[in-house]
>>> print(open('final21.pdb').read())   # PDB, C-alpha atoms, pLDDT in the B column
ATOM      1  CA  MET Z   1     -17.979  93.589  -3.494  1.00 88.00           C
ATOM      2  CA  ALA Z   2     -20.265  91.662  -5.862  1.00 86.00           C
ATOM      3  CA  GLN Z   3     -17.581  91.659  -8.575  1.00 78.00           C
ATOM      4  CA  SER Z   4     -15.014  90.304  -6.111  1.00 82.00           C
ATOM      5  CA  ILE Z   5     -17.356  87.491  -5.112  1.00 86.00           C
ATOM      6  CA  GLU Z   6     -18.088  86.742  -8.769  1.00 77.00           C
ATOM      7  CA  SER Z   7     -14.364  86.603  -9.628  1.00 76.00           C
ATOM      8  CA  TRP Z   8     -13.695  84.336  -6.658  1.00 80.00           C
ATOM      9  CA  LEU Z   9     -16.487  81.954  -7.701  1.00 79.00           C
ATOM     10  CA  LEU Z  10     -15.480  81.893 -11.367  1.00 74.00           C
ATOM     11  CA  ARG Z  11     -11.880  80.998 -10.534  1.00 74.00           C
ATOM     12  CA  ASP Z  12     -13.102  77.807  -8.825  1.00 77.00           C
ATOM     13  CA  PHE Z  13     -14.325  76.348 -12.137  1.00 75.00           C
ATOM     14  CA  ASP Z  14     -12.404  74.773 -14.998  1.00 75.00           C
ATOM     15  CA  ARG Z  15     -14.469  76.561 -17.632  1.00 72.00           C
ATOM     16  CA  VAL Z  16     -17.250  79.140 -17.767  1.00 71.00           C
ATOM     17  CA  SER Z  17     -19.476  79.216 -20.825  1.00 70.00           C
ATOM     18  CA  THR Z  18     -21.399  82.055 -22.388  1.00 70.00           C
ATOM     19  CA  ILE Z  19     -23.374  82.675 -25.558  1.00 64.00           C
ATOM     20  CA  SER Z  20     -22.112  86.244 -25.874  1.00 64.00           C
ATOM     21  CA  GLN Z  21     -18.696  87.427 -27.072  1.00 66.00           C
ATOM     22  CA  SER Z  22     -19.304  90.728 -25.274  1.00 67.00           C
ATOM     23  CA  MET Z  23     -19.544  88.898 -21.936  1.00 62.00           C
ATOM     24  CA  ILE Z  24     -16.128  87.353 -22.556  1.00 63.00           C
ATOM     25  CA  LYS Z  25     -14.653  90.767 -23.360  1.00 67.00           C
ATOM     26  CA  GLN Z  26     -15.991  92.160 -20.081  1.00 63.00           C
ATOM     27  CA  GLU Z  27     -14.119  89.603 -17.975  1.00 61.00           C
ATOM     28  CA  LYS Z  28     -10.829  90.374 -16.312  1.00 57.00           C
ATOM     29  CA  LYS Z  29      -7.788  89.103 -18.178  1.00 56.00           C
ATOM     30  CA  GLU Z  30      -7.030  86.360 -15.651  1.00 57.00           C
ATOM     31  CA  LEU Z  31     -10.529  84.911 -16.145  1.00 62.00           C
ATOM     32  CA  MET Z  32     -10.650  85.115 -19.943  1.00 59.00           C
ATOM     33  CA  THR Z  33      -8.742  81.839 -20.284  1.00 63.00           C
ATOM     34  CA  LEU Z  34     -11.607  80.099 -18.466  1.00 64.00           C
ATOM     35  CA  MET Z  35     -14.267  81.368 -20.842  1.00 62.00           C
ATOM     36  CA  TRP Z  36     -15.820  79.239 -23.587  1.00 60.00           C
ATOM     37  CA  PHE Z  37     -18.042  80.763 -26.197  1.00 61.00           C
ATOM     38  CA  PHE Z  38     -21.025  78.640 -27.247  1.00 57.00           C
ATOM     39  CA  SER Z  39     -22.722  80.051 -30.291  1.00 57.00           C
ATOM     40  CA  GLN Z  40     -26.323  79.263 -31.088  1.00 50.00           C
ATOM     41  CA  ILE Z  41     -24.943  76.536 -33.370  1.00 46.00           C
ATOM     42  CA  GLY Z  42     -23.247  73.553 -31.717  1.00 46.00           C
ATOM     43  CA  VAL Z  43     -19.566  72.994 -32.473  1.00 45.00           C
ATOM     44  CA  CYS Z  44     -18.614  69.361 -31.833  1.00 45.00           C
ATOM     45  CA  ASP Z  45     -14.888  70.110 -31.523  1.00 47.00           C
ATOM     46  CA  LEU Z  46     -15.550  71.855 -28.197  1.00 46.00           C
ATOM     47  CA  PHE Z  47     -16.652  68.544 -26.721  1.00 46.00           C
ATOM     48  CA  CYS Z  48     -13.744  66.434 -27.970  1.00 46.00           C
ATOM     49  CA  GLN Z  49     -11.077  67.861 -25.673  1.00 49.00           C
ATOM     50  CA  LYS Z  50      -9.355  66.026 -22.849  1.00 44.00           C
ATOM     51  CA  PRO Z  51     -11.269  65.873 -19.559  1.00 49.00           C
ATOM     52  CA  LEU Z  52     -10.962  68.877 -17.267  1.00 47.00           C
ATOM     53  CA  ARG Z  53      -9.484  68.558 -13.800  1.00 49.00           C
ATOM     54  CA  TYR Z  54     -11.725  66.993 -11.210  1.00 50.00           C
ATOM     55  CA  ASN Z  55     -13.163  69.379  -8.651  1.00 56.00           C
ATOM     56  CA  ARG Z  56     -15.167  69.251  -5.454  1.00 60.00           C
ATOM     57  CA  LEU Z  57     -18.469  69.292  -7.376  1.00 60.00           C
ATOM     58  CA  GLY Z  58     -17.878  65.724  -8.524  1.00 63.00           C
ATOM     59  CA  ASN Z  59     -16.898  64.667  -5.038  1.00 64.00           C
ATOM     60  CA  GLY Z  60     -20.089  66.205  -3.638  1.00 67.00           C
ATOM     61  CA  LEU Z  61     -22.135  64.259  -6.185  1.00 66.00           C
ATOM     62  CA  GLY Z  62     -20.470  60.991  -5.258  1.00 69.00           C
ATOM     63  CA  LEU Z  63     -18.756  60.590  -8.632  1.00 70.00           C
ATOM     64  CA  ASN Z  64     -15.359  59.163  -9.466  1.00 71.00           C
ATOM     65  CA  GLU Z  65     -12.614  61.436 -10.736  1.00 71.00           C
ATOM     66  CA  ALA Z  66     -12.956  60.028 -14.269  1.00 71.00           C
ATOM     67  CA  ASP Z  67     -16.726  60.623 -14.429  1.00 75.00           C
ATOM     68  CA  PRO Z  68     -17.715  63.659 -16.509  1.00 78.00           C
ATOM     69  CA  ILE Z  69     -20.217  66.172 -15.187  1.00 79.00           C
ATOM     70  CA  LEU Z  70     -22.389  67.860 -17.794  1.00 83.00           C
ATOM     71  CA  LEU Z  71     -24.134  70.916 -16.395  1.00 81.00           C
ATOM     72  CA  TYR Z  72     -26.952  73.041 -17.755  1.00 87.00           C
ATOM     73  CA  SER Z  73     -27.814  76.086 -15.692  1.00 84.00           C
ATOM     74  CA  GLY Z  74     -30.491  78.481 -16.840  1.00 86.00           C
ATOM     75  CA  GLY Z  75     -34.121  78.739 -17.746  1.00 90.00           C
ATOM     76  CA  LEU Z  76     -36.030  75.473 -18.073  1.00 92.00           C
ATOM     77  CA  GLY Z  77     -38.492  76.516 -20.732  1.00 90.00           C
ATOM     78  CA  GLU Z  78     -39.736  74.651 -23.755  1.00 87.00           C
ATOM     79  CA  LYS Z  79     -37.632  76.683 -26.187  1.00 85.00           C
ATOM     80  CA  GLN Z  80     -34.374  75.442 -24.614  1.00 87.00           C
ATOM     81  CA  GLY Z  81     -35.020  71.931 -25.943  1.00 88.00           C
ATOM     82  CA  LEU Z  82     -33.679  70.271 -22.801  1.00 91.00           C
ATOM     83  CA  GLY Z  83     -35.489  67.044 -23.602  1.00 92.00           C
ATOM     84  CA  LEU Z  84     -32.429  66.403 -25.777  1.00 90.00           C
ATOM     85  CA  VAL Z  85     -30.240  66.485 -22.664  1.00 91.00           C
ATOM     86  CA  VAL Z  86     -32.430  63.809 -21.058  1.00 94.00           C
ATOM     87  CA  ASP Z  87     -32.244  61.789 -24.295  1.00 93.00           C
ATOM     88  CA  ALA Z  88     -28.439  62.101 -24.252  1.00 91.00           C
ATOM     89  CA  ALA Z  89     -28.386  60.914 -20.631  1.00 92.00           C
ATOM     90  CA  LYS Z  90     -30.472  57.895 -21.672  1.00 94.00           C
ATOM     91  CA  THR Z  91     -28.041  57.076 -24.492  1.00 92.00           C
ATOM     92  CA  CYS Z  92     -25.047  57.370 -22.145  1.00 89.00           C
ATOM     93  CA  SER Z  93     -26.769  55.147 -19.600  1.00 90.00           C
ATOM     94  CA  GLU Z  94     -27.601  52.523 -22.245  1.00 91.00           C
ATOM     95  CA  GLN Z  95     -23.982  52.532 -23.423  1.00 89.00           C
ATOM     96  CA  GLY Z  96     -22.689  52.099 -19.879  1.00 86.00           C
ATOM     97  CA  GLN Z  97     -20.988  55.478 -19.837  1.00 83.00           C
ATOM     98  CA  ALA Z  98     -20.506  56.966 -16.380  1.00 78.00           C
ATOM     99  CA  GLY Z  99     -21.172  60.565 -15.532  1.00 80.00           C
ATOM    100  CA  CYS Z 100     -23.852  62.891 -14.392  1.00 85.00           C
ATOM    101  CA  PHE Z 101     -26.162  65.328 -16.159  1.00 89.00           C
ATOM    102  CA  GLU Z 102     -26.985  68.242 -13.842  1.00 87.00           C
ATOM    103  CA  ILE Z 103     -29.931  70.446 -14.828  1.00 92.00           C
ATOM    104  CA  VAL Z 104     -30.162  73.551 -12.665  1.00 89.00           C
ATOM    105  CA  GLY Z 105     -32.903  76.134 -12.960  1.00 91.00           C
ATOM    106  CA  GLU Z 106     -36.617  76.764 -12.947  1.00 94.00           C
ATOM    107  CA  GLY Z 107     -39.214  77.094 -15.659  1.00 94.00           C
ATOM    108  CA  ALA Z 108     -42.337  75.764 -17.294  1.00 94.00           C
ATOM    109  CA  ALA Z 109     -40.621  72.611 -18.612  1.00 95.00           C
ATOM    110  CA  LYS Z 110     -39.033  71.493 -15.332  1.00 96.00           C
ATOM    111  CA  LYS Z 111     -41.815  69.138 -14.216  1.00 96.00           C
ATOM    112  CA  ARG Z 112     -42.012  67.571 -17.685  1.00 96.00           C
ATOM    113  CA  LEU Z 113     -38.242  67.023 -17.763  1.00 96.00           C
ATOM    114  CA  GLU Z 114     -38.251  65.500 -14.279  1.00 97.00           C
ATOM    115  CA  LEU Z 115     -41.082  63.185 -15.332  1.00 97.00           C
ATOM    116  CA  GLN Z 116     -39.256  62.257 -18.555  1.00 96.00           C
ATOM    117  CA  ALA Z 117     -36.097  61.324 -16.631  1.00 96.00           C
ATOM    118  CA  SER Z 118     -38.130  59.438 -14.026  1.00 96.00           C
ATOM    119  CA  ASP Z 119     -40.141  57.522 -16.638  1.00 96.00           C
ATOM    120  CA  LEU Z 120     -36.887  56.472 -18.314  1.00 95.00           C
ATOM    121  CA  GLY Z 121     -35.489  55.316 -14.955  1.00 95.00           C
ATOM    122  CA  LEU Z 122     -32.407  57.504 -15.311  1.00 94.00           C
ATOM    123  CA  ASN Z 123     -30.177  57.837 -12.280  1.00 89.00           C
ATOM    124  CA  ASN Z 124     -27.603  59.932 -14.150  1.00 90.00           C
ATOM    125  CA  VAL Z 125     -29.827  63.036 -14.381  1.00 93.00           C
ATOM    126  CA  ARG Z 126     -30.249  65.341 -11.408  1.00 89.00           C
ATOM    127  CA  PHE Z 127     -32.323  68.463 -11.026  1.00 92.00           C
TER
END
>>> encode(input="final21.pdb", output="structure tokens")
Amino acid sequence: MAQSIESWLLRDFDRVSTISQSMIKQEKKELMTLMWFFSQIGVCDLFCQKPLRYNRLGNGLGLNEADPILLYSGGLGEKQGLGLVVDAAKTCSEQGQAGCFEIVGEGAAKKRLELQASDLGLNNVRF
């Protein structure tokens, strides 16, 4: 039952990312086309593709169809370096670029990140 629910949820997204090739291999064939592998080293080409289809997440956030949604979901510890995400949101805001940075999770760095975004007056970062 849990696997059926997982498959149903995954099919509602444009892409699903993972840092493990073995996780991709475990997915059912119809879901493998959704999977993106993010190694521990960033690959800029992954971020230079055409925008993905708009989904109900953007509508629920009050965004326009053309606005990108950048989502981090996971642990909010110091080792994740998520201050860089807040810095990127600041740069996008300064350049007048629309979109939303969603940071989902819990951890020791959450309060600091919320304070950082608040101190910078960012309205394009949500926790």
>>> resolve_selection(input="final21.pdb", expression="the PyMOL selection byres ((chain Z and resi 78) around 10)", output="PDB file with C-alpha atoms, keeping the file's coordinate frame")
ATOM      1  CA  GLY Z  75     -34.121  78.739 -17.746  1.00 90.00           C
ATOM      2  CA  LEU Z  76     -36.030  75.473 -18.073  1.00 92.00           C
ATOM      3  CA  GLY Z  77     -38.492  76.516 -20.732  1.00 90.00           C
ATOM      4  CA  LYS Z  79     -37.632  76.683 -26.187  1.00 85.00           C
ATOM      5  CA  GLN Z  80     -34.374  75.442 -24.614  1.00 87.00           C
ATOM      6  CA  GLY Z  81     -35.020  71.931 -25.943  1.00 88.00           C
ATOM      7  CA  LEU Z  82     -33.679  70.271 -22.801  1.00 91.00           C
ATOM      8  CA  GLY Z  83     -35.489  67.044 -23.602  1.00 92.00           C
ATOM      9  CA  GLY Z 107     -39.214  77.094 -15.659  1.00 94.00           C
ATOM     10  CA  ALA Z 108     -42.337  75.764 -17.294  1.00 94.00           C
ATOM     11  CA  ALA Z 109     -40.621  72.611 -18.612  1.00 95.00           C
ATOM     12  CA  LYS Z 110     -39.033  71.493 -15.332  1.00 96.00           C
ATOM     13  CA  ARG Z 112     -42.012  67.571 -17.685  1.00 96.00           C
ATOM     14  CA  LEU Z 113     -38.242  67.023 -17.763  1.00 96.00           C
TER      15      LEU Z 113
END
>>> atom_distance(input="final21.pdb", atom1="CA of Asn123 in chain Z", atom2="CA of Leu63 in chain Z")
12.3 Å
>>> resolve_selection(input="final21.pdb", expression="the PyMOL selection byres ((chain Z and resi 88) around 12)", output="number ranges by chain")
Z: 70, 81-87, 89-95, 97, 99-101, 117, 120, 122, 124-125
>>> atom_distance(input="final21.pdb", atom1="CA of Asp67 in chain Z", atom2="CA of Ala98 in chain Z")
5.6 Å
>>> atom_distance(input="final21.pdb", atom1="CA of Glu102 in chain Z", atom2="CA of Ser73 in chain Z")
8.1 Å
